[in-house]
>>> print(open('model-v6.cif').read())   # mmCIF, C-alpha atoms
data_model
#
loop_
_atom_site.group_PDB
_atom_site.id
_atom_site.type_symbol
_atom_site.label_atom_id
_atom_site.label_comp_id
_atom_site.auth_asym_id
_atom_site.auth_seq_id
_atom_site.Cartn_x
_atom_site.Cartn_y
_atom_site.Cartn_z
ATOM 1 C CA PRO A 57 83.110 -34.825 -103.893
ATOM 2 C CA LEU A 58 79.691 -34.088 -102.458
ATOM 3 C CA TRP A 59 78.818 -35.142 -98.928
ATOM 4 C CA LEU A 60 75.695 -36.886 -97.843
ATOM 5 C CA LYS A 61 73.570 -35.211 -95.143
ATOM 6 C CA GLY A 62 70.448 -37.201 -94.337
ATOM 7 C CA ASN A 63 68.778 -37.870 -97.671
ATOM 8 C CA ALA A 64 70.358 -34.920 -99.482
ATOM 9 C CA LEU A 65 73.764 -34.234 -100.941
ATOM 10 C CA SER A 66 75.567 -31.103 -99.832
ATOM 11 C CA LEU A 67 78.720 -29.195 -100.581
ATOM 12 C CA PRO A 68 81.676 -30.165 -98.364
ATOM 13 C CA SER A 69 82.832 -26.570 -97.848
ATOM 14 C CA PRO A 70 81.929 -23.012 -98.788
ATOM 15 C CA PHE A 71 84.975 -22.973 -101.093
ATOM 16 C CA TYR A 72 83.492 -25.669 -103.293
ATOM 17 C CA SER A 73 82.219 -23.843 -106.383
ATOM 18 C CA ALA A 74 78.789 -24.273 -107.923
ATOM 19 C CA ALA A 75 80.464 -25.313 -111.185
ATOM 20 C CA MET A 76 82.378 -28.064 -109.406
ATOM 21 C CA ALA A 77 79.155 -29.203 -107.732
ATOM 22 C CA ALA A 78 77.351 -29.363 -111.099
ATOM 23 C CA VAL A 79 80.125 -31.518 -112.542
ATOM 24 C CA GLU A 80 79.976 -33.833 -109.526
ATOM 25 C CA MET A 81 76.168 -34.063 -109.671
ATOM 26 C CA SER A 82 76.252 -34.890 -113.381
ATOM 27 C CA ARG A 83 78.713 -37.671 -112.569
ATOM 28 C CA LEU A 84 76.406 -39.043 -109.865
ATOM 29 C CA LEU A 85 73.416 -38.972 -112.221
ATOM 30 C CA VAL A 86 75.104 -41.425 -114.590
ATOM 31 C CA SER A 87 76.226 -43.756 -111.832
ATOM 32 C CA GLU A 88 75.632 -47.482 -112.234
ATOM 33 C CA ASP A 89 74.094 -47.562 -108.763
ATOM 34 C CA PRO A 90 70.364 -46.693 -108.774
ATOM 35 C CA ALA A 91 70.450 -45.610 -105.109
ATOM 36 C CA THR A 92 73.177 -43.070 -105.907
ATOM 37 C CA LYS A 93 71.097 -41.692 -108.776
ATOM 38 C CA VAL A 94 67.996 -41.458 -106.594
ATOM 39 C CA ARG A 95 69.867 -39.576 -103.860
ATOM 40 C CA ALA A 96 71.369 -37.202 -106.413
ATOM 41 C CA LEU A 97 67.965 -36.613 -108.017
ATOM 42 C CA GLU A 98 66.349 -35.966 -104.645
ATOM 43 C CA SER A 99 68.780 -33.119 -104.089
ATOM 44 C CA PHE A 100 67.272 -31.344 -107.134
ATOM 45 C CA VAL A 101 63.704 -31.334 -105.787
ATOM 46 C CA GLY A 102 63.044 -27.669 -105.184
ATOM 47 C CA ALA A 103 66.611 -26.789 -106.198
ATOM 48 C CA TYR A 104 66.774 -27.446 -109.953
ATOM 49 C CA ASP A 105 70.059 -26.716 -111.723
ATOM 50 C CA ALA A 106 69.642 -26.285 -115.485
ATOM 51 C CA SER A 107 73.263 -27.303 -116.077
ATOM 52 C CA CYS A 108 72.271 -30.835 -115.030
ATOM 53 C CA GLY A 109 68.966 -30.814 -116.923
ATOM 54 C CA ASP A 110 70.053 -33.198 -119.679
ATOM 55 C CA SER A 111 71.367 -35.723 -117.165
ATOM 56 C CA ILE A 112 68.157 -35.531 -115.144
ATOM 57 C CA CYS A 113 66.091 -35.912 -118.315
ATOM 58 C CA GLN A 114 68.037 -39.062 -119.233
ATOM 59 C CA CYS A 115 67.062 -40.491 -115.851
ATOM 60 C CA LEU A 116 63.395 -40.343 -116.926
ATOM 61 C CA ALA A 117 64.213 -43.270 -119.220
ATOM 62 C CA ASP A 118 66.253 -45.202 -116.661
ATOM 63 C CA GLY A 119 65.525 -48.901 -116.272
ATOM 64 C CA ASP A 120 64.956 -48.503 -112.517
ATOM 65 C CA MET A 121 61.477 -47.361 -111.491
ATOM 66 C CA LEU A 122 62.743 -45.481 -108.434
ATOM 67 C CA VAL A 123 65.211 -43.506 -110.545
ATOM 68 C CA ARG A 124 62.455 -42.589 -113.033
ATOM 69 C CA GLU A 125 60.182 -41.511 -110.187
ATOM 70 C CA ALA A 126 62.891 -39.342 -108.593
ATOM 71 C CA ALA A 127 63.757 -37.770 -111.954
ATOM 72 C CA ALA A 128 60.096 -36.972 -112.631
ATOM 73 C CA ARG A 129 59.745 -35.442 -109.170
ATOM 74 C CA ALA A 130 62.897 -33.324 -109.624
ATOM 75 C CA LEU A 131 61.844 -32.009 -113.033
ATOM 76 C CA ALA A 132 58.193 -31.500 -112.081
ATOM 77 C CA SER A 133 59.241 -29.454 -109.044
ATOM 78 C CA ALA A 134 61.302 -27.155 -111.274
ATOM 79 C CA GLY A 135 58.211 -25.706 -112.969
ATOM 80 C CA ASP A 136 58.779 -23.404 -115.914
ATOM 81 C CA SER A 137 62.571 -23.805 -115.647
ATOM 82 C CA VAL A 138 62.114 -27.089 -117.500
ATOM 83 C CA LEU A 139 60.132 -25.594 -120.424
ATOM 84 C CA PRO A 140 63.228 -25.435 -122.678
ATOM 85 C CA MET A 141 63.484 -29.230 -122.284
ATOM 86 C CA ALA A 142 59.810 -29.956 -123.035
ATOM 87 C CA GLU A 143 60.512 -31.218 -126.554
ATOM 88 C CA GLN A 144 63.252 -33.542 -125.300
ATOM 89 C CA ILE A 145 60.912 -34.862 -122.607
ATOM 90 C CA ALA A 146 58.059 -35.271 -125.101
ATOM 91 C CA LYS A 147 60.226 -37.555 -127.244
ATOM 92 C CA LEU A 148 59.896 -40.115 -124.441
ATOM 93 C CA LEU A 149 56.144 -40.339 -125.104
ATOM 94 C CA VAL A 150 56.908 -42.820 -127.886
ATOM 95 C CA SER A 151 59.554 -44.728 -125.935
ATOM 96 C CA GLY A 152 59.349 -48.501 -125.909
ATOM 97 C CA ASP A 153 59.483 -48.347 -122.107
ATOM 98 C CA MET A 154 56.103 -47.638 -120.514
ATOM 99 C CA GLY A 155 57.789 -46.363 -117.358
ATOM 100 C CA ALA A 156 59.633 -43.730 -119.375
ATOM 101 C CA ARG A 157 56.372 -42.716 -121.076
ATOM 102 C CA CYS A 158 54.645 -42.338 -117.710
ATOM 103 C CA ALA A 159 57.526 -40.346 -116.210
ATOM 104 C CA ALA A 160 57.551 -38.019 -119.217
ATOM 105 C CA VAL A 161 53.801 -37.423 -118.904
ATOM 106 C CA GLU A 162 54.230 -36.680 -115.197
ATOM 107 C CA VAL A 163 56.718 -33.907 -116.002
ATOM 108 C CA LEU A 164 54.744 -32.532 -118.948
ATOM 109 C CA GLY A 165 51.623 -32.372 -116.791
ATOM 110 C CA ALA A 166 53.553 -30.285 -114.278
ATOM 111 C CA LEU A 167 54.416 -27.834 -117.063
ATOM 112 C CA ALA A 168 50.685 -27.133 -117.448
ATOM 113 C CA SER A 169 49.862 -24.983 -120.469
ATOM 114 C CA GLY A 170 53.553 -24.941 -121.413
ATOM 115 C CA ALA A 171 53.140 -28.559 -122.503
ATOM 116 C CA ALA A 172 49.890 -27.929 -124.412
ATOM 117 C CA PRO A 173 51.528 -28.659 -127.805
ATOM 118 C CA TYR A 174 51.969 -32.272 -126.641
ATOM 119 C CA ALA A 175 48.334 -32.851 -125.597
ATOM 120 C CA THR A 176 47.565 -35.060 -128.614
ATOM 121 C CA SER A 177 50.629 -37.229 -127.966
ATOM 122 C CA ILE A 178 49.707 -37.541 -124.300
ATOM 123 C CA ALA A 179 46.084 -38.377 -125.203
ATOM 124 C CA ALA A 180 47.344 -41.262 -127.369
ATOM 125 C CA LEU A 181 48.384 -42.978 -124.131
ATOM 126 C CA LEU A 182 44.712 -43.227 -123.148
ATOM 127 C CA GLN A 183 44.508 -46.164 -125.577
ATOM 128 C CA GLU A 184 47.308 -48.217 -123.987
ATOM 129 C CA ASP A 185 46.205 -51.331 -122.113
ATOM 130 C CA VAL A 186 49.443 -51.943 -120.225
ATOM 131 C CA GLN A 187 50.808 -51.452 -116.746
ATOM 132 C CA ASP A 188 54.196 -51.871 -115.097
ATOM 133 C CA ALA A 189 53.843 -54.982 -112.953
ATOM 134 C CA SER A 190 57.389 -54.698 -111.595
ATOM 135 C CA ALA A 191 56.281 -51.856 -109.329
ATOM 136 C CA ALA A 192 53.633 -54.058 -107.701
ATOM 137 C CA ALA A 193 56.120 -56.903 -107.372
ATOM 138 C CA LEU A 194 58.437 -54.694 -105.322
ATOM 139 C CA ALA A 195 55.648 -53.142 -103.280
ATOM 140 C CA ALA A 196 54.058 -56.459 -102.222
ATOM 141 C CA PRO A 197 56.992 -57.616 -100.050
ATOM 142 C CA CYS A 198 57.578 -54.006 -98.877
ATOM 143 C CA VAL A 199 60.860 -53.680 -100.789
ATOM 144 C CA ALA A 200 59.660 -50.346 -102.159
ATOM 145 C CA LYS A 201 56.632 -48.158 -101.576
ATOM 146 C CA LYS A 202 53.877 -48.557 -104.112
ATOM 147 C CA GLN A 203 54.291 -46.118 -106.964
ATOM 148 C CA LYS A 204 51.391 -43.871 -107.780
ATOM 149 C CA ASP A 205 49.281 -45.226 -110.602
ATOM 150 C CA ALA A 206 50.294 -42.422 -112.981
ATOM 151 C CA LEU A 207 53.918 -43.616 -112.884
ATOM 152 C CA ARG A 208 53.097 -47.204 -113.830
ATOM 153 C CA ILE A 209 49.926 -47.064 -115.960
ATOM 154 C CA PRO A 210 50.064 -44.843 -119.074
ATOM 155 C CA LYS A 211 46.272 -44.326 -119.103
ATOM 156 C CA CYS A 212 46.413 -42.954 -115.555
ATOM 157 C CA ALA A 213 49.336 -40.707 -116.413
ATOM 158 C CA ALA A 214 47.504 -39.251 -119.407
ATOM 159 C CA ALA A 215 44.205 -38.844 -117.545
ATOM 160 C CA GLU A 216 45.982 -36.998 -114.742
ATOM 161 C CA ALA A 217 48.041 -34.745 -117.016
ATOM 162 C CA LEU A 218 45.558 -33.723 -119.712
ATOM 163 C CA PRO A 219 43.347 -31.443 -117.576
ATOM 164 C CA LYS A 220 46.443 -29.560 -116.424
ATOM 165 C CA LEU A 221 47.344 -28.599 -120.009
ATOM 166 C CA GLY A 222 44.534 -26.076 -120.361
ATOM 167 C CA PRO A 223 42.086 -26.045 -123.284
ATOM 168 C CA SER A 224 44.304 -28.302 -125.412
ATOM 169 C CA GLY A 225 44.198 -31.023 -122.785
ATOM 170 C CA ARG A 226 40.598 -30.497 -121.758
ATOM 171 C CA SER A 227 39.521 -31.124 -125.350
ATOM 172 C CA PHE A 228 40.124 -34.807 -124.568
ATOM 173 C CA ALA A 229 37.652 -34.837 -121.659
ATOM 174 C CA ALA A 230 35.295 -37.263 -123.433
ATOM 175 C CA ALA A 231 38.126 -39.744 -124.008
ATOM 176 C CA VAL A 232 39.134 -39.479 -120.354
ATOM 177 C CA ALA A 233 35.507 -39.986 -119.275
ATOM 178 C CA LYS A 234 35.423 -43.290 -121.193
ATOM 179 C CA LEU A 235 38.065 -44.565 -118.766
ATOM 180 C CA LEU A 236 35.318 -44.854 -116.143
ATOM 181 C CA ASP A 237 34.472 -48.154 -117.863
ATOM 182 C CA ASP A 238 38.073 -49.395 -117.994
ATOM 183 C CA LYS A 239 38.857 -52.943 -116.896
ATOM 184 C CA LEU A 240 41.584 -51.793 -114.487
ATOM 185 C CA PRO A 241 40.264 -50.503 -111.147
ATOM 186 C CA GLU A 242 43.231 -48.114 -110.825
ATOM 187 C CA VAL A 243 42.175 -46.451 -114.063
ATOM 188 C CA ARG A 244 38.523 -46.165 -113.109
#
>>> encode(input="model-v6.cif", output="structure tokens")
Amino acid sequence: PLWLKGNALSLPSPFYSAAMAAVEMSRLLVSEDPATKVRALESFVGAYDASCGDSICQCLADGDMLVREAAARALASAGDSVLPMAEQIAKLLVSGDMGARCAAVEVLGALASGAAPYATSIAALLQEDVQDASAAALAAPCVAKKQKDALRIPKCAAAEALPKLGPSGRSFAAAVAKLLDDKLPEVR
């Protein structure tokens, strides 16, 4: 098993193989406990392991907002290492869960021009008039820190990601500019 050191998981001994660690991490990423998943995901920030990529990607669609946020952070920090998973991540853009859509856009935006083929799908989120109110409900009594707007409002996620995608994303500049008149102050 992996040991907990501060907020990160670590190997219990130098004799513990990387393959054994990957198996253990994959097990932690499908845990029923959201806090366990978050801690496991945090250990991948800056230390992405492609052998756990599918499990991390599944966490983008998790029902817990903190798990989705940690998964997005882990994948976004991996940079181009995640490019082979871009299509799998892009499938979440049509998910019924707005949190999963936002998390997917967060990761695709981090891939910059590597995610350019998905610019049109990301731009479609500019038309969504929804937001995840559960995040605000947890932030108000200080149960959890307030999530950034791009992880709870699809319009914000798309507006933040599109310019990062290069010419394909910048072609939607006029649509993003229209958001200056949006009814939500977070979007404006």
>>> atom_distance(input="model-v6.cif", atom1="atom CA of A:Val163", atom2="atom CA of A:Arg129")
7.6 Å
>>> residues_around(input="model-v6.cif", residues="A:Ala233", least_positions_apart="4", cutoff="12 Å", atoms="all atoms listed in the file", output="list in words")
Leu182, Lys211, Cys212, Ala215, Glu216, Leu218, Pro219, Arg226, Ser227, Phe228, Ala229, Asp237, Asp238, Val243 and Arg244 of chain A
>>> resolve_selection(input="model-v6.cif", expression="the PyMOL selection byres ((chain A and resi 146) around 9)", output="list in words")
Met141, Ala142, Glu143, Gln144, Ile145, Lys147, Leu148, Leu149, Val150, Arg157, Ala160, Val161, Leu164, Ala171, Tyr174, Ser177 and Ile178 of chain A
>>> closest_residue(input="model-v6.cif", among="A:Met121, A:Ala172, A:Leu139, A:Ala103", to="A:Asp188", atoms="all atoms listed in the file")
A:Met121
>>> closest_residue(input="model-v6.cif", among="A:Ser151, A:Ser99, A:Gln183, A:Ser107", to="A:Ala127", atoms="all atoms listed in the file")
A:Ser99
>>> closest_residue(input="model-v6.cif", among="A:Met154, A:Ser111, A:Leu235, A:Ala130", to="A:Glu98", atoms="all atoms listed in the file")
A:Ala130
>>> resolve_selection(input="model-v6.cif", expression="the PyMOL selection byres ((chain A and resi 116) around 8)", output="PyMOL selection string")
chain A and resi 112-115+117-118+123-125+127-128+156+159-160
>>> resolve_selection(input="model-v6.cif", expression="the PyMOL selection byres ((chain A and resi 169) around 8)", output="PDB file with C-alpha atoms, keeping the file's coordinate frame")
ATOM      1  CA  LEU A 167      54.416 -27.834-117.063  1.00  0.00           C
ATOM      2  CA  ALA A 168      50.685 -27.133-117.448  1.00  0.00           C
ATOM      3  CA  GLY A 170      53.553 -24.941-121.413  1.00  0.00           C
ATOM      4  CA  ALA A 171      53.140 -28.559-122.503  1.00  0.00           C
ATOM      5  CA  ALA A 172      49.890 -27.929-124.412  1.00  0.00           C
ATOM      6  CA  LYS A 220      46.443 -29.560-116.424  1.00  0.00           C
ATOM      7  CA  LEU A 221      47.344 -28.599-120.009  1.00  0.00           C
ATOM      8  CA  GLY A 222      44.534 -26.076-120.361  1.00  0.00           C
TER       9      GLY A 222
END
>>> atom_distance(input="model-v6.cif", atom1="atom CA of A:Gly102", atom2="atom CA of A:Ala134")
6.4 Å
>>> atom_distance(input="model-v6.cif", atom1="atom CA of A:Cys158", atom2="atom CA of A:Pro210")
5.4 Å
>>> closest_residue(input="model-v6.cif", among="A:Gly165, A:Pro90, A:Gly135, A:Gly152", to="A:Ala217", atoms="only C-alpha atoms")
A:Gly165
>>> closest_residue(input="model-v6.cif", among="A:Asp120, A:Glu242, A:Leu236, A:Ala126", to="A:Val186", atoms="all atoms listed in the file")
A:Glu242
>>> decode(input="model-v6.cif", residues="stretch 106-218 of chain A", atoms="C-alpha atoms", output="CSV table (one decimal), in the first residue's frame")
chain,number,residue,atom,x,y,z
A,106,ALA,CA,0.2,7.5,-18.2
A,107,SER,CA,-0.5,4.0,-16.9
A,108,CYS,CA,-3.2,5.6,-14.7
A,109,GLY,CA,-4.5,8.0,-17.4
A,110,ASP,CA,-7.8,6.2,-18.0
A,111,SER,CA,-8.6,6.1,-14.3
A,112,ILE,CA,-7.7,9.8,-13.9
A,113,CYS,CA,-9.9,10.6,-17.0
A,114,GLN,CA,-12.8,8.8,-15.5
A,115,CYS,CA,-12.5,11.1,-12.4
A,116,LEU,CA,-13.3,14.1,-14.7
A,117,ALA,CA,-16.9,12.7,-14.7
A,118,ASP,CA,-17.0,11.9,-11.0
A,119,GLY,CA,-20.1,13.1,-9.1
A,120,ASP,CA,-18.0,15.0,-6.6
A,121,MET,CA,-16.9,18.5,-7.6
A,122,LEU,CA,-13.6,18.2,-5.6
A,123,VAL,CA,-12.7,15.0,-7.4
A,124,ARG,CA,-13.4,16.5,-10.8
A,125,GLU,CA,-11.3,19.6,-9.9
A,126,ALA,CA,-8.4,17.5,-8.7
A,127,ALA,CA,-8.6,15.3,-11.9
A,128,ALA,CA,-8.6,18.4,-14.1
A,129,ARG,CA,-5.6,19.8,-12.3
A,130,ALA,CA,-3.7,16.5,-12.5
A,131,LEU,CA,-4.3,16.1,-16.3
A,132,ALA,CA,-3.8,19.8,-17.1
A,133,SER,CA,-0.4,19.8,-15.3
A,134,ALA,CA,0.7,16.8,-17.5
A,135,GLY,CA,0.8,18.9,-20.6
A,136,ASP,CA,1.4,17.1,-23.9
A,137,SER,CA,1.5,13.8,-22.1
A,138,VAL,CA,-2.2,13.8,-22.1
A,139,LEU,CA,-2.6,14.4,-25.9
A,140,PRO,CA,-3.2,10.7,-26.7
A,141,MET,CA,-6.3,11.0,-24.4
A,142,ALA,CA,-7.7,14.2,-25.9
A,143,GLU,CA,-10.4,12.4,-27.8
A,144,GLN,CA,-11.5,10.5,-24.7
A,145,ILE,CA,-11.6,13.8,-22.8
A,146,ALA,CA,-13.5,15.6,-25.6
A,147,LYS,CA,-16.3,13.0,-25.3
A,148,LEU,CA,-17.2,14.5,-22.0
A,149,LEU,CA,-18.1,17.8,-23.7
A,150,VAL,CA,-21.5,16.3,-24.4
A,151,SER,CA,-21.9,14.7,-21.0
A,152,GLY,CA,-25.2,15.3,-19.2
A,153,ASP,CA,-23.2,16.5,-16.2
A,154,MET,CA,-22.1,20.2,-16.5
A,155,GLY,CA,-19.3,19.6,-14.0
A,156,ALA,CA,-17.8,17.0,-16.3
A,157,ARG,CA,-18.1,19.3,-19.3
A,158,CYS,CA,-16.3,22.1,-17.4
A,159,ALA,CA,-13.6,19.8,-16.2
A,160,ALA,CA,-13.0,18.4,-19.7
A,161,VAL,CA,-12.8,22.0,-21.1
A,162,GLU,CA,-10.2,22.8,-18.4
A,163,VAL,CA,-8.0,20.0,-19.5
A,164,LEU,CA,-8.5,20.6,-23.2
A,165,GLY,CA,-7.6,24.3,-22.7
A,166,ALA,CA,-4.3,23.2,-21.1
A,167,LEU,CA,-3.5,21.2,-24.2
A,168,ALA,CA,-3.5,24.4,-26.2
A,169,SER,CA,-3.2,23.9,-29.9
A,170,GLY,CA,-3.2,20.1,-29.4
A,171,ALA,CA,-6.9,20.4,-28.6
A,172,ALA,CA,-7.7,22.7,-31.6
A,173,PRO,CA,-9.8,20.0,-33.3
A,174,TYR,CA,-12.3,20.4,-30.5
A,175,ALA,CA,-12.7,24.2,-30.6
A,176,THR,CA,-16.2,24.0,-32.2
A,177,SER,CA,-17.4,21.6,-29.5
A,178,ILE,CA,-15.9,23.8,-26.8
A,179,ALA,CA,-17.5,26.9,-28.4
A,180,ALA,CA,-20.9,25.2,-28.2
A,181,LEU,CA,-20.7,25.6,-24.5
A,182,LEU,CA,-20.8,29.4,-24.9
A,183,GLN,CA,-24.6,29.0,-25.4
A,184,GLU,CA,-25.3,27.1,-22.1
A,185,ASP,CA,-27.2,29.1,-19.5
A,186,VAL,CA,-26.4,26.9,-16.6
A,187,GLN,CA,-24.1,26.8,-13.6
A,188,ASP,CA,-23.3,24.3,-10.8
A,189,ALA,CA,-25.0,25.7,-7.7
A,190,SER,CA,-23.7,22.9,-5.5
A,191,ALA,CA,-20.3,24.5,-5.5
A,192,ALA,CA,-21.6,27.7,-4.1
A,193,ALA,CA,-23.7,25.8,-1.5
A,194,LEU,CA,-20.5,24.2,-0.2
A,195,ALA,CA,-18.5,27.4,-0.3
A,196,ALA,CA,-21.0,29.5,1.6
A,197,PRO,CA,-20.6,27.7,4.9
A,198,CYS,CA,-16.8,27.3,4.3
A,199,VAL,CA,-17.1,23.5,3.8
A,200,ALA,CA,-15.1,23.8,0.6
A,201,LYS,CA,-13.2,26.6,-1.1
A,202,LYS,CA,-15.1,28.3,-3.9
A,203,GLN,CA,-14.3,26.6,-7.2
A,204,LYS,CA,-13.1,28.8,-10.0
A,205,ASP,CA,-15.9,29.9,-12.3
A,206,ALA,CA,-14.5,27.8,-15.2
A,207,LEU,CA,-15.1,24.6,-13.3
A,208,ARG,CA,-18.8,25.4,-12.5
A,209,ILE,CA,-20.1,27.5,-15.4
A,210,PRO,CA,-19.6,26.0,-18.9
A,211,LYS,CA,-19.6,29.5,-20.6
A,212,CYS,CA,-16.7,30.5,-18.4
A,213,ALA,CA,-14.8,27.3,-19.1
A,214,ALA,CA,-15.3,27.8,-22.9
A,215,ALA,CA,-14.3,31.5,-22.8
A,216,GLU,CA,-11.2,30.7,-20.9
A,217,ALA,CA,-10.1,27.7,-23.0
A,218,LEU,CA,-10.8,29.0,-26.6
